[in-house]
Amino acid sequence: MGNEFYKLSTGERIFRVINYLLLIALCLSIILPFFNIFALAFNPGKDAERGGIYFWPRIWSMENFQKAFETSNITTAFGISVFRTVVGTISSVFLTAAAAYALKSKTLPGGKYIMMIIFFTMLFGGGIIPYYMLLKSIHLTNNIWVYVIPSLYSVWNIIIMRTFFQQIHPSLEESARIDGYNDFSIFLRVIMPLSRPVIAVIGLFNAVGHWNDWFTGAFYIRKSSLRPLSTLLQEMLMSAEAMRDTLNQAAGLRYDLIEKMQVTGNSLKMATIIIVVTPIILIYPFVQRYFTKGIMIGSIKE
């Protein structure tokens with residue numbers, strides 16, 4: 001805290017100490033569960049069932065990860081998740097930016113009313129059953145493109161990008177028009193390069209949303225070969241609980257089978273969680289500086 005801490009009044013010192021303690025407690029409540037997941041994922045399942053493993057593996061082992069990649073189509077699910085995240089994020093960011101650029105123009109005929117209609121869709125929806133019927137009528141159910149097409153546009157993302165584009169000085173567009181650029185060229189060569197912070201923010205939001213979305217694969221996909229990693233993890237969470245209940249009931253009858261199990265449902269679940277969260281953890285540091293700038297969009301009005 002330095003010498004400045006001792007220059008504060010007694011009340012301010014107490015407040016600052018309590019504030020730091022609360023922040024430390026909050027950080028620990030977030031970080032420690034990840035250490036526990038890490039320890040259980042890299043520890044043999046049979047040994048982990050004995051208990052006593054909290055933040056570090058008792059016996060280092062890759063058996064859980066080997067089993068995870070051998071079962072439940074996890075390799076295919078990983079490929080589906082990568083496909084939907086990459087294709088869905090790139091296409092959504094580009095189309096959202098194009099829509100926001102058009103809507104920010106004051107010369108767009110009926111732009112104000114178009115924005116009102118778009119905003120209305122964010123407040124009211126038809127419900128899950130009409131939505132399912134719509135997807136089925138356009139043959140998107142049980143189709144890999146159900147992960148991409150319905151999520152191409154987000155009203156909230158359009159509003160964020162539109163606000164950012166409005167802060168770009170109009171003289172830049174006027175100079176580009178004098179040089180012979182049309183609207184599409186201005187969008188690609190002037191607006192997009194100047195919008196890297198907001199593109200990084202919207203791209204990160206889209207990527208995390210695609211990667212973590214289990215609902216779409218669970219409700220609109222019947223083929224197991226088209227289910228993403230997050231849906232597979234959700235199914236494994238449910239099956240792990242069911243397996244634990246079954247083993248507890250049968251422990252007295254077939255204890256010999258339980259003794260032979262090196263990978264349990266719980267250890268397999270922890271290994272899959274590590275597989276799911278690792279790509280996001282690796283990508284985030286590269287977009288963090290843009291993300292920090294992007295979250296301030298619209299906070300200052302000149």
# chains A, B, ... in the order shown; residues from 1 in each chain; ligands from 1
>>> residues_around(residues="Ser224 (chain A)", least_positions_apart="5", cutoff="10 Å", atoms="only C-alpha atoms", output="PDB file with N, CA and C atoms, in the first residue's frame")
ATOM      1  N   SER A  72     -17.097 -41.093 -26.405  1.00  0.00           N
ATOM      2  CA  SER A  72     -18.152 -40.087 -26.549  1.00  0.00           C
ATOM      3  C   SER A  72     -17.951 -39.113 -27.706  1.00  0.00           C
ATOM      4  N   ASN A  73     -17.233 -39.540 -28.745  1.00  0.00           N
ATOM      5  CA  ASN A  73     -17.051 -38.696 -29.934  1.00  0.00           C
ATOM      6  C   ASN A  73     -16.475 -37.323 -29.588  1.00  0.00           C
ATOM      7  N   THR A  76     -14.714 -35.491 -32.561  1.00  0.00           N
ATOM      8  CA  THR A  76     -15.677 -34.920 -33.505  1.00  0.00           C
ATOM      9  C   THR A  76     -16.359 -33.699 -32.911  1.00  0.00           C
ATOM     10  N   ALA A  77     -16.724 -33.794 -31.633  1.00  0.00           N
ATOM     11  CA  ALA A  77     -17.369 -32.664 -30.962  1.00  0.00           C
ATOM     12  C   ALA A  77     -16.438 -31.468 -30.899  1.00  0.00           C
ATOM     13  N   ASN A 142     -31.170 -30.414 -36.940  1.00  0.00           N
ATOM     14  CA  ASN A 142     -30.307 -31.543 -37.299  1.00  0.00           C
ATOM     15  C   ASN A 142     -29.369 -31.184 -38.452  1.00  0.00           C
ATOM     16  N   GLY A 217     -27.164 -27.508 -29.403  1.00  0.00           N
ATOM     17  CA  GLY A 217     -26.877 -28.905 -29.717  1.00  0.00           C
ATOM     18  C   GLY A 217     -27.770 -29.882 -28.994  1.00  0.00           C
ATOM     19  N   ALA A 218     -28.248 -29.508 -27.813  1.00  0.00           N
ATOM     20  CA  ALA A 218     -29.092 -30.410 -27.029  1.00  0.00           C
ATOM     21  C   ALA A 218     -30.535 -30.441 -27.518  1.00  0.00           C
ATOM     22  N   THR A 231     -22.105 -29.278 -25.506  1.00  0.00           N
ATOM     23  CA  THR A 231     -23.254 -30.166 -25.334  1.00  0.00           C
ATOM     24  C   THR A 231     -22.806 -31.529 -24.822  1.00  0.00           C
ATOM     25  N   LEU A 232     -21.697 -32.004 -25.351  1.00  0.00           N
ATOM     26  CA  LEU A 232     -21.151 -33.277 -24.885  1.00  0.00           C
ATOM     27  C   LEU A 232     -20.774 -33.199 -23.415  1.00  0.00           C
TER      28      LEU A 232
END
>>> residues_around(residues="region 82-86 of chain A", least_positions_apart="5", cutoff="10 Å", atoms="only C-alpha atoms", output="PyMOL selection string")
chain A and resi 76-77+91-92+144-149+203+206-212+228-229+279
>>> residues_around(residues="Pro170 (chain A)", least_positions_apart="6", cutoff="12 Å", atoms="only C-alpha atoms", output="list in words")
Lys104, Ser105, Lys106, Ala176, Arg177, Ile186, Val190 and Ile191 of chain A
>>> write_last_selection(atoms="N, CA and C atoms", output="PDB file, in the first residue's frame")
ATOM      1  N   LYS A 104     -25.919   3.550 -38.924  1.00  0.00           N
ATOM      2  CA  LYS A 104     -25.394   4.784 -38.328  1.00  0.00           C
ATOM      3  C   LYS A 104     -25.459   5.951 -39.308  1.00  0.00           C
ATOM      4  N   SER A 105     -25.700   5.656 -40.581  1.00  0.00           N
ATOM      5  CA  SER A 105     -25.773   6.698 -41.589  1.00  0.00           C
ATOM      6  C   SER A 105     -27.056   7.507 -41.434  1.00  0.00           C
ATOM      7  N   LYS A 106     -26.934   8.826 -41.425  1.00  0.00           N
ATOM      8  CA  LYS A 106     -28.107   9.702 -41.301  1.00  0.00           C
ATOM      9  C   LYS A 106     -28.883   9.812 -42.609  1.00  0.00           C
ATOM     10  N   ALA A 176     -12.308  10.009 -47.998  1.00  0.00           N
ATOM     11  CA  ALA A 176     -12.295   8.782 -48.799  1.00  0.00           C
ATOM     12  C   ALA A 176     -13.197   8.918 -50.023  1.00  0.00           C
ATOM     13  N   ARG A 177     -14.325   9.596 -49.876  1.00  0.00           N
ATOM     14  CA  ARG A 177     -15.227   9.785 -51.020  1.00  0.00           C
ATOM     15  C   ARG A 177     -14.584  10.686 -52.074  1.00  0.00           C
ATOM     16  N   ILE A 186     -15.166   2.237 -48.335  1.00  0.00           N
ATOM     17  CA  ILE A 186     -14.969   3.009 -47.103  1.00  0.00           C
ATOM     18  C   ILE A 186     -15.133   2.099 -45.893  1.00  0.00           C
ATOM     19  N   VAL A 190     -11.526   1.928 -44.385  1.00  0.00           N
ATOM     20  CA  VAL A 190     -11.440   3.035 -43.433  1.00  0.00           C
ATOM     21  C   VAL A 190     -12.058   2.661 -42.098  1.00  0.00           C
ATOM     22  N   ILE A 191     -13.313   2.241 -42.118  1.00  0.00           N
ATOM     23  CA  ILE A 191     -14.051   1.989 -40.877  1.00  0.00           C
ATOM     24  C   ILE A 191     -13.516   0.771 -40.137  1.00  0.00           C
TER      25      ILE A 191
END
>>> atom_distance(atom1="CA of Leu108 (chain A)", atom2="CA of Met161 (chain A)")
16.6 Å
>>> atom_distance(atom1="CA of Leu237 (chain A)", atom2="CA of Ser61 (chain A)")
21.2 Å
>>> atom_distance(atom1="CA of Asp47 (chain A)", atom2="CA of Leu233 (chain A)")
22.3 Å
>>> select_by_dssp(residues="region 73-110 of chain A", states="helix (DSSP H, G or I)", output="ChimeraX atom specification")
/A:74-103
>>> residues_around(residues="region 129-137 of chain A", least_positions_apart="2", cutoff="10 Å", atoms="only C-alpha atoms", output="list in words")
Gly125, Gly126, Gly127, His139, Leu140, Thr141, Asn142, Asn143, Val146, Pro150, Phe219 and Tyr220 of chain A
>>> closest_residue(among="A:Met115, A:Arg196, A:Ser175, A:Ile128", to="Trp156 (chain A)", atoms="only C-alpha atoms")
A:Met115
